[in-house]
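*Asks:* This is the content of target27.cif (mmCIF, C-alpha atoms and all ligand atoms):
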```cif
data_protein
#
loop_
_atom_site.label_atom_id
_atom_site.label_comp_id
_atom_site.auth_asym_id
_atom_site.auth_seq_id
_atom_site.Cartn_x
_atom_site.Cartn_y
_atom_site.Cartn_z
CA MET A 1 97.43 93.63 86.43
CA THR A 2 94.95 96.50 86.87
CA VAL A 3 95.50 99.99 85.50
CA GLU A 4 96.18 101.03 89.08
CA ASP A 5 99.28 98.79 89.21
CA GLN A 6 101.00 100.55 86.35
CA GLN A 7 103.94 102.81 87.21
CA PRO A 8 104.84 105.55 87.65
CA LEU A 9 101.83 107.55 88.76
CA ALA A 10 101.58 110.83 86.87
CA THR A 11 101.82 114.16 88.64
CA LEU A 12 98.63 116.17 88.37
CA GLY A 13 98.02 119.82 87.58
CA ILE A 14 94.54 121.30 87.82
CA LEU A 15 93.53 124.55 86.13
CA GLY A 16 90.56 125.87 88.06
CA ALA A 17 90.02 125.97 91.81
CA GLY A 18 86.24 126.15 91.77
CA ARG A 19 83.75 123.39 92.50
CA VAL A 20 85.25 120.73 90.25
CA GLY A 21 88.91 121.72 90.56
CA SER A 22 88.90 121.68 94.35
CA ALA A 23 86.86 118.45 94.59
CA ILE A 24 89.32 116.62 92.31
CA ALA A 25 92.26 118.19 94.17
CA LYS A 26 90.87 116.99 97.51
CA ARG A 27 90.46 113.43 96.33
CA ALA A 28 93.83 113.45 94.56
CA ALA A 29 95.69 114.67 97.64
CA GLU A 30 93.90 112.12 99.85
CA SER A 31 94.91 109.43 97.38
CA GLY A 32 98.59 110.33 97.56
CA ILE A 33 98.80 112.00 94.17
CA ASP A 34 101.17 114.95 93.78
CA VAL A 35 98.62 117.64 92.88
CA LYS A 36 99.12 121.30 92.02
CA VAL A 37 96.24 123.70 91.46
CA ALA A 38 96.07 127.07 89.73
CA THR A 39 93.72 129.74 88.47
CA ALA A 40 94.80 132.55 86.17
CA LYS A 41 95.51 134.67 89.26
CA ASP A 42 98.25 134.79 91.88
CA PRO A 43 98.43 131.43 93.71
CA ARG A 44 98.29 133.25 97.05
CA GLU A 45 94.65 134.01 96.27
CA ILE A 46 93.70 130.32 96.44
CA SER A 47 96.20 128.91 98.91
CA LEU A 48 93.96 129.44 101.97
CA ILE A 49 90.89 128.04 100.24
CA LEU A 50 92.86 125.00 99.11
CA GLU A 51 94.24 124.45 102.59
CA PHE A 52 90.66 124.18 103.76
CA MET A 53 89.02 122.48 100.74
CA ALA A 54 91.84 120.22 99.58
CA PRO A 55 94.50 119.77 102.25
CA GLY A 56 97.75 118.58 100.66
CA ALA A 57 97.09 120.17 97.27
CA LYS A 58 99.53 122.95 96.44
CA ALA A 59 98.55 126.34 94.99
CA VAL A 60 100.84 127.24 92.10
CA THR A 61 100.93 129.43 89.02
CA ALA A 62 99.05 128.32 85.89
CA ALA A 63 102.42 127.72 84.23
CA GLU A 64 103.48 125.33 86.98
CA ALA A 65 100.15 123.47 87.00
CA SER A 66 100.39 123.12 83.20
CA ALA A 67 103.86 121.63 83.50
CA GLN A 68 102.60 118.50 85.31
CA ASP A 69 102.28 115.18 83.47
CA VAL A 70 98.48 115.36 83.39
CA VAL A 71 96.68 118.71 83.33
CA ILE A 72 92.97 118.85 84.12
CA LEU A 73 90.95 121.69 82.61
CA ALA A 74 88.36 122.58 85.25
CA VAL A 75 87.56 126.07 84.04
CA PRO A 76 84.22 127.30 82.68
CA LEU A 77 84.04 126.08 79.08
CA HIS A 78 83.71 129.57 77.64
CA LYS A 79 87.12 130.35 79.18
CA TYR A 80 89.18 127.45 77.87
CA GLU A 81 90.72 129.58 75.12
CA ASP A 82 92.21 131.83 77.81
CA VAL A 83 94.54 128.93 78.68
CA ASP A 84 97.71 129.19 76.60
CA PRO A 85 97.98 125.96 74.60
CA ALA A 86 101.77 126.29 74.48
CA SER A 87 101.89 125.94 78.27
CA ALA A 88 100.47 122.40 78.00
CA ALA A 89 102.26 121.34 74.81
CA GLY A 90 103.27 117.68 74.99
CA LYS A 91 101.09 117.10 78.05
CA ILE A 92 98.04 114.96 78.61
CA VAL A 93 95.20 117.48 78.93
CA VAL A 94 92.01 116.24 80.56
CA ASP A 95 88.86 117.99 79.44
CA ALA A 96 86.54 117.86 82.46
CA MET A 97 84.40 120.63 80.99
CA ASN A 98 80.87 120.46 79.67
CA TYR A 99 79.02 122.48 77.12
CA TRP A 100 75.64 122.76 78.76
CA ALA A 101 73.72 125.60 77.12
CA PRO A 102 70.65 125.49 79.44
CA THR A 103 72.78 126.32 82.46
CA ASP A 104 75.77 128.17 80.97
CA GLY A 105 74.14 129.91 78.02
CA THR A 106 74.84 129.32 74.34
CA VAL A 107 78.33 129.61 72.93
CA ASP A 108 78.41 130.01 69.14
CA LYS A 109 81.64 128.07 68.79
CA PHE A 110 80.00 124.93 70.17
CA GLU A 111 76.53 125.50 68.71
CA ASN A 112 77.94 125.75 65.20
CA ASP A 113 80.37 122.84 65.30
CA SER A 114 79.24 119.27 64.70
CA ARG A 115 82.21 117.84 66.60
CA THR A 116 82.08 116.89 70.25
CA SER A 117 83.01 119.66 72.66
CA SER A 118 86.24 117.82 73.52
CA GLU A 119 87.26 117.64 69.86
CA VAL A 120 86.82 121.41 69.67
CA VAL A 121 88.96 121.73 72.80
CA GLN A 122 91.58 119.40 71.24
CA SER A 123 91.89 121.73 68.26
CA HIS A 124 92.89 124.57 70.64
CA PHE A 125 95.40 122.32 72.45
CA SER A 126 96.81 120.98 69.20
CA GLU A 127 100.18 120.03 70.74
CA SER A 128 98.58 118.15 73.65
CA ARG A 129 96.80 114.82 73.94
CA VAL A 130 93.28 115.60 75.08
CA VAL A 131 91.36 113.01 77.10
CA LYS A 132 87.73 113.54 78.05
CA ALA A 133 87.13 112.44 81.64
CA PHE A 134 85.71 113.60 85.00
CA ASN A 135 82.85 115.41 83.21
CA HIS A 136 79.95 113.09 84.08
CA ILE A 137 80.15 113.21 87.87
CA GLY A 138 78.98 116.07 90.06
CA TYR A 139 81.67 117.89 92.02
CA HIS A 140 79.83 117.17 95.26
CA GLU A 141 79.89 113.44 94.47
CA PHE A 142 83.48 113.27 93.34
CA ALA A 143 85.08 113.83 96.69
CA SER A 144 82.91 111.27 98.47
CA ASP A 145 82.04 108.53 95.95
CA GLY A 146 85.51 106.98 95.65
CA ARG A 147 85.73 103.38 96.91
CA PRO A 148 88.51 100.80 97.09
CA ALA A 149 88.89 98.38 94.18
CA GLY A 150 86.45 95.50 94.49
CA ASP A 151 83.93 97.41 96.61
CA PRO A 152 80.43 96.53 95.32
CA ASP A 153 79.49 100.24 95.33
CA ARG A 154 82.51 101.32 93.34
CA ARG A 155 81.46 103.76 90.65
CA ALA A 156 82.82 103.77 87.11
CA LEU A 157 83.89 106.78 85.10
CA ALA A 158 84.54 106.88 81.38
CA VAL A 159 87.51 108.18 79.44
CA ALA A 160 87.56 108.99 75.73
CA GLY A 161 90.60 110.02 73.74
CA ASP A 162 92.69 109.44 70.66
CA ASP A 163 95.93 108.67 72.50
CA ALA A 164 96.20 105.28 74.22
CA ALA A 165 99.01 106.26 76.59
CA GLY A 166 97.20 109.42 77.59
CA LYS A 167 94.05 107.48 78.39
CA ALA A 168 96.03 104.88 80.36
CA ALA A 169 97.58 107.60 82.54
CA VAL A 170 94.16 109.16 83.23
CA MET A 171 92.60 105.77 83.96
CA GLN A 172 95.37 105.05 86.45
CA ILE A 173 94.66 108.35 88.22
CA LEU A 174 90.93 107.58 88.37
CA GLU A 175 91.56 104.11 89.76
CA VAL A 176 93.92 105.43 92.43
CA MET A 177 91.22 107.95 93.38
CA GLY A 178 88.72 105.14 93.93
CA TYR A 179 86.88 104.79 90.62
CA ASP A 180 86.76 102.06 88.01
CA ALA A 181 87.75 103.51 84.67
CA ALA A 182 86.32 102.52 81.29
CA ASP A 183 87.98 103.35 77.98
CA ILE A 184 85.06 104.12 75.67
CA GLY A 185 87.09 104.84 72.54
CA PRO A 186 88.26 107.92 70.65
CA LEU A 187 87.54 111.52 71.57
CA SER A 188 84.61 111.55 69.15
CA ALA A 189 82.98 108.77 71.24
CA GLY A 190 82.77 111.29 74.09
CA VAL A 191 79.48 112.42 72.59
CA ILE A 192 77.83 109.78 74.79
CA LEU A 193 79.25 111.48 77.90
CA GLU A 194 77.91 114.93 77.14
CA PRO A 195 75.08 116.64 79.07
CA GLY A 196 71.68 115.08 78.44
CA THR A 197 73.00 111.58 77.75
CA ARG A 198 72.25 108.46 79.83
CA ILE A 199 75.80 108.30 81.13
CA PHE A 200 75.88 111.97 82.05
CA SER A 201 72.61 111.75 83.91
CA GLY A 202 73.20 108.46 85.70
CA ARG A 203 75.51 106.72 88.08
CA GLN A 204 77.12 103.52 86.82
CA SER A 205 79.11 100.54 87.95
CA LEU A 206 81.73 99.31 85.49
CA ASP A 207 79.36 96.62 84.16
CA SER A 208 76.48 99.03 83.60
CA LEU A 209 78.74 101.63 82.00
CA VAL A 210 80.19 99.08 79.59
CA ALA A 211 76.67 97.85 78.75
CA ILE A 212 75.44 101.38 77.99
CA VAL A 213 78.48 102.05 75.79
CA ALA A 214 77.79 98.85 73.85
CA GLU A 215 74.11 99.74 73.41
CA GLU A 216 74.91 103.27 72.29
CA SER A 217 77.45 101.94 69.78
CA VAL A 218 74.85 99.59 68.29
CA LEU A 219 72.34 102.45 68.06
CA ALA A 220 74.94 104.66 66.37
CA GLY A 221 75.46 101.85 63.81
N1 LIG B 1 79.90 121.63 88.74
C1 LIG B 1 79.94 120.30 88.46
O1 LIG B 1 79.45 119.43 89.23
C2 LIG B 1 80.65 119.84 87.22
C3 LIG B 1 80.86 118.49 87.04
C4 LIG B 1 81.62 118.05 85.94
C5 LIG B 1 82.13 119.00 85.06
N2 LIG B 1 81.89 120.32 85.25
C6 LIG B 1 82.51 121.29 84.31
O2 LIG B 1 83.73 121.70 84.91
C7 LIG B 1 84.03 123.06 84.53
C8 LIG B 1 84.27 123.88 85.80
O3 LIG B 1 83.06 123.92 86.55
P1 LIG B 1 83.03 124.48 88.05
O4 LIG B 1 81.66 124.21 88.52
O5 LIG B 1 84.18 123.96 88.85
O6 LIG B 1 83.27 126.05 87.78
P2 LIG B 1 83.62 127.16 88.86
O7 LIG B 1 83.21 126.73 90.22
O8 LIG B 1 83.07 128.43 88.30
O9 LIG B 1 85.23 127.26 88.85
C9 LIG B 1 85.95 127.67 87.72
C10 LIG B 1 87.39 127.90 88.12
O10 LIG B 1 88.15 128.17 86.95
C11 LIG B 1 89.04 129.23 87.25
N3 LIG B 1 89.50 129.86 86.00
C12 LIG B 1 88.82 130.71 85.18
N4 LIG B 1 89.61 131.02 84.12
C13 LIG B 1 90.78 130.37 84.29
C14 LIG B 1 91.99 130.29 83.53
N5 LIG B 1 92.15 130.95 82.37
N6 LIG B 1 93.02 129.54 84.02
C15 LIG B 1 92.88 128.86 85.17
N7 LIG B 1 91.75 128.88 85.94
C16 LIG B 1 90.72 129.63 85.49
C17 LIG B 1 88.22 130.15 88.14
O11 LIG B 1 89.06 131.03 88.82
P3 LIG B 1 88.50 132.53 89.19
O12 LIG B 1 87.37 132.31 90.14
O13 LIG B 1 89.70 133.15 89.77
O14 LIG B 1 88.06 133.11 87.87
C18 LIG B 1 87.61 129.09 89.07
O15 LIG B 1 88.52 128.70 90.08
C19 LIG B 1 82.84 123.55 83.70
O16 LIG B 1 83.15 123.44 82.35
C20 LIG B 1 81.71 122.57 84.07
O17 LIG B 1 80.81 122.38 83.01
C21 LIG B 1 81.16 120.77 86.32
#
```
What is this file in structure tokens?
Ligand SMILES: NC(=O)c1ccc[n+]([C@@H]2O[C@H](COP(=O)([O-])OP(=O)(O)OC[C@H]3O[C@@H](n4cnc5c(N)ncnc54)[C@H](OP(=O)(O)O)[C@@H]3O)[C@@H](O)[C@H]2O)c1
*Replies:*
Amino acid sequence: MTVEDQQPLATLGILGAGRVGSAIAKRAAESGIDVKVATAKDPREISLILEFMAPGAKAVTAAEASAQDVVILAVPLHKYEDVDPASAAGKIVVDAMNYWAPTDGTVDKFENDSRTSSEVVQSHFSESRVVKAFNHIGYHEFASDGRPAGDPDRRALAVAGDDAAGKAAVMQILEVMGYDAADIGPLSAGVILEPGTRIFSGRQSLDSLVAIVAEESVLAG
């Protein structure tokens, strides 16, 4: 049985309707996932854009998007604390964000913390199960790179998290969207997915992703 065969498929909420949020929403809607998208503003402000960019995805309030089984954070990293953690309490929260100082500028909170960026995000969403995923693929690739299971060009994406059920739900969503999914371990292991790493900068099949993870683990001792 593959992850894709597991039931039921989670409903998906996406916070952020920019490059990443709308690319994931497009692919999710095409893949038959019930997907709701929000920004901090009135949903009417994004409904037209979504109709064009991600037909089938529904524009909702942030509260409604946060009430879905799996909630993807696709907001600029320096804005994640604007999202009320109580709204996603008990939910699986996917951190698709990156701390990438050369492009986004430095943020003291991340510069001065030795944890991975997703562990810092987890401490804000203390009542949620944070899974790091979707961060090491460009938005422009996400909507077009999905392939059916077994396709030789199928791309693999990694998930890291401390909650097994949360990771399984996210892996199922990735597989349904046309990606192989690799569980690389706890949230702290997500350091090998961050900007500047081999995984972040490359494009991997499942075999090559698993091989890199094994090599990085050996190097880390
Ligand atoms: N670009 C990529 O290829 C890529 C790939 C992987 C990961 N990432 C990461 O994904 C994150 C988003 O990147 P992006 O390129 O999609 O950014 P973006 O195009 O600037 O979009 C950000 C979206 O977040 C919304 N937003 C801001 N504050 C919000 C809040 N409090 N609640 C809900 N929505 C809010 C914005 O809405 P308004 O416009 O109304 O403010 C906008 O729709 C970043 O952390 C980035 O590092 C990017």
*Asks:* For a quick check of understanding, using all atoms listed in the file, which of A:Gly138, A:Pro8, A:Gly16, A:Gly21 has the smallest distance to A:Leu157?
*Replies:*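 Closest residue, counting all atoms listed in the file: A:Gly138.
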*Asks:* Give as a list in words each residue that has an atom at most 12 Å from (86.0, 94.0, 94.0) in the file, counting all atoms listed in the file.
*Replies:*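 Output: Thr2, Arg147, Pro148, Ala149, Gly150, Asp151, Pro152, Asp153, Arg154, Arg155, Gly178, Tyr179, Asp180, Ser205 and Leu206 of chain A.
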*Asks:* Identify which of the residues A:Phe52, A:Phe125, A:Tyr139, A:Phe110 lies closest to ligand LIG 1 (chain B), counting all atoms listed in the file when measuring atom-to-atom distances.
*Replies:*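 Residue with the minimum atom-to-atom distance to ligand LIG 1 (chain B): A:Tyr139.
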*Asks:* Provide the atom CA of A:Val71 to atom CA of A:Leu12 distance in Å, to one decimal place.
*Replies:*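 A separation of 6.0 Å between them.
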*Asks:* Quick one: residues within 12 Å of A:Lys41, all atoms listed in the file counted, chain neighbours fewer than 2 positions away excluded, as a list in words?
*Replies:*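 Once the nearby chain positions are removed, what remains is Leu15, Gly16, Ala17, Val37, Ala38, Thr39, Pro43, Arg44, Glu45, Ile46, Ser47, Ala59, Val60, Thr61, Ala62 and Ala63 of chain A.
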*Asks:* List all protein, DNA and RNA residues that have an atom no more than 10 Å from any atom of ligand LIG 1 (chain B), counting only C-alpha atoms and all ligand atoms, and report them as a ChimeraX atom specification.
*Replies:* /A:14-24,37-43,45-46,61-63,65-66,72-84,95-101,103-104,133-142,194-195,200
*Asks:* Take the residues from that selection and write them out as a tab-separated table (two decimals), in the coordinates of the input, keeping C-alpha atoms.
*Replies:*
```tsv
chain	number	residue	atom	x	y	z
A	14	ILE	CA	94.54	121.30	87.82
A	15	LEU	CA	93.53	124.55	86.13
A	16	GLY	CA	90.56	125.87	88.06
A	17	ALA	CA	90.02	125.97	91.81
A	18	GLY	CA	86.24	126.15	91.77
A	19	ARG	CA	83.75	123.39	92.50
A	20	VAL	CA	85.25	120.73	90.25
A	21	GLY	CA	88.91	121.72	90.56
A	22	SER	CA	88.90	121.68	94.35
A	23	ALA	CA	86.86	118.45	94.59
A	24	ILE	CA	89.32	116.62	92.31
A	37	VAL	CA	96.24	123.70	91.46
A	38	ALA	CA	96.07	127.07	89.73
A	39	THR	CA	93.72	129.74	88.47
A	40	ALA	CA	94.80	132.55	86.17
A	41	LYS	CA	95.51	134.67	89.26
A	42	ASP	CA	98.25	134.79	91.88
A	43	PRO	CA	98.43	131.43	93.71
A	45	GLU	CA	94.65	134.01	96.27
A	46	ILE	CA	93.70	130.32	96.44
A	61	THR	CA	100.93	129.43	89.02
A	62	ALA	CA	99.05	128.32	85.89
A	63	ALA	CA	102.42	127.72	84.23
A	65	ALA	CA	100.15	123.47	87.00
A	66	SER	CA	100.39	123.12	83.20
A	72	ILE	CA	92.97	118.85	84.12
A	73	LEU	CA	90.95	121.69	82.61
A	74	ALA	CA	88.36	122.58	85.25
A	75	VAL	CA	87.56	126.07	84.04
A	76	PRO	CA	84.22	127.30	82.68
A	77	LEU	CA	84.04	126.08	79.08
A	78	HIS	CA	83.71	129.57	77.64
A	79	LYS	CA	87.12	130.35	79.18
A	80	TYR	CA	89.18	127.45	77.87
A	81	GLU	CA	90.72	129.58	75.12
A	82	ASP	CA	92.21	131.83	77.81
A	83	VAL	CA	94.54	128.93	78.68
A	84	ASP	CA	97.71	129.19	76.60
A	95	ASP	CA	88.86	117.99	79.44
A	96	ALA	CA	86.54	117.86	82.46
A	97	MET	CA	84.40	120.63	80.99
A	98	ASN	CA	80.87	120.46	79.67
A	99	TYR	CA	79.02	122.48	77.12
A	100	TRP	CA	75.64	122.76	78.76
A	101	ALA	CA	73.72	125.60	77.12
A	103	THR	CA	72.78	126.32	82.46
A	104	ASP	CA	75.77	128.17	80.97
A	133	ALA	CA	87.13	112.44	81.64
A	134	PHE	CA	85.71	113.60	85.00
A	135	ASN	CA	82.85	115.41	83.21
A	136	HIS	CA	79.95	113.09	84.08
A	137	ILE	CA	80.15	113.21	87.87
A	138	GLY	CA	78.98	116.07	90.06
A	139	TYR	CA	81.67	117.89	92.02
A	140	HIS	CA	79.83	117.17	95.26
A	141	GLU	CA	79.89	113.44	94.47
A	142	PHE	CA	83.48	113.27	93.34
A	194	GLU	CA	77.91	114.93	77.14
A	195	PRO	CA	75.08	116.64	79.07
A	200	PHE	CA	75.88	111.97	82.05
```
*Asks:* Mind pulling up the distance from atom CA of A:Met177 to atom CA of A:Leu9?
*Replies:*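 Separating atom CA of A:Leu9 from atom CA of A:Met177 is a distance of 11.6 Å.
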*Asks:* Go through A:Ile192, A:Val176, A:Ala182, A:Val107 one by one, measure the shortest atom-to-atom distance of each to A:Asp207 using all atoms listed in the file, and give the residue with the smallest value.
*Replies:*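 Comparing A:Ile192, A:Val176, A:Ala182, A:Val107 against A:Asp207, the winner is A:Ala182.
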*Asks:* Would you mind telling me which residue in A:Val35, A:Ala25, A:Val159, A:Ala220 lies nearest to A:Asp183 when using only C-alpha atoms?
*Replies:*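 Distance minimum relative to A:Asp183 lands on A:Val159.
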*Asks:* Using all atoms of stretch 139-156 of chain A that appear in the file, construct an axis-aligned enclosing box with 3 Å of padding on every side and provide its centre coordinates and edge lengths in Å, rounded to one decimal, as AutoDock Vina command-line options.
*Replies:*
```
--center_x 84.2 --center_y 106.7 --center_z 92.8 --size_x 15.4 --size_y 28.4 --size_z 17.4
```
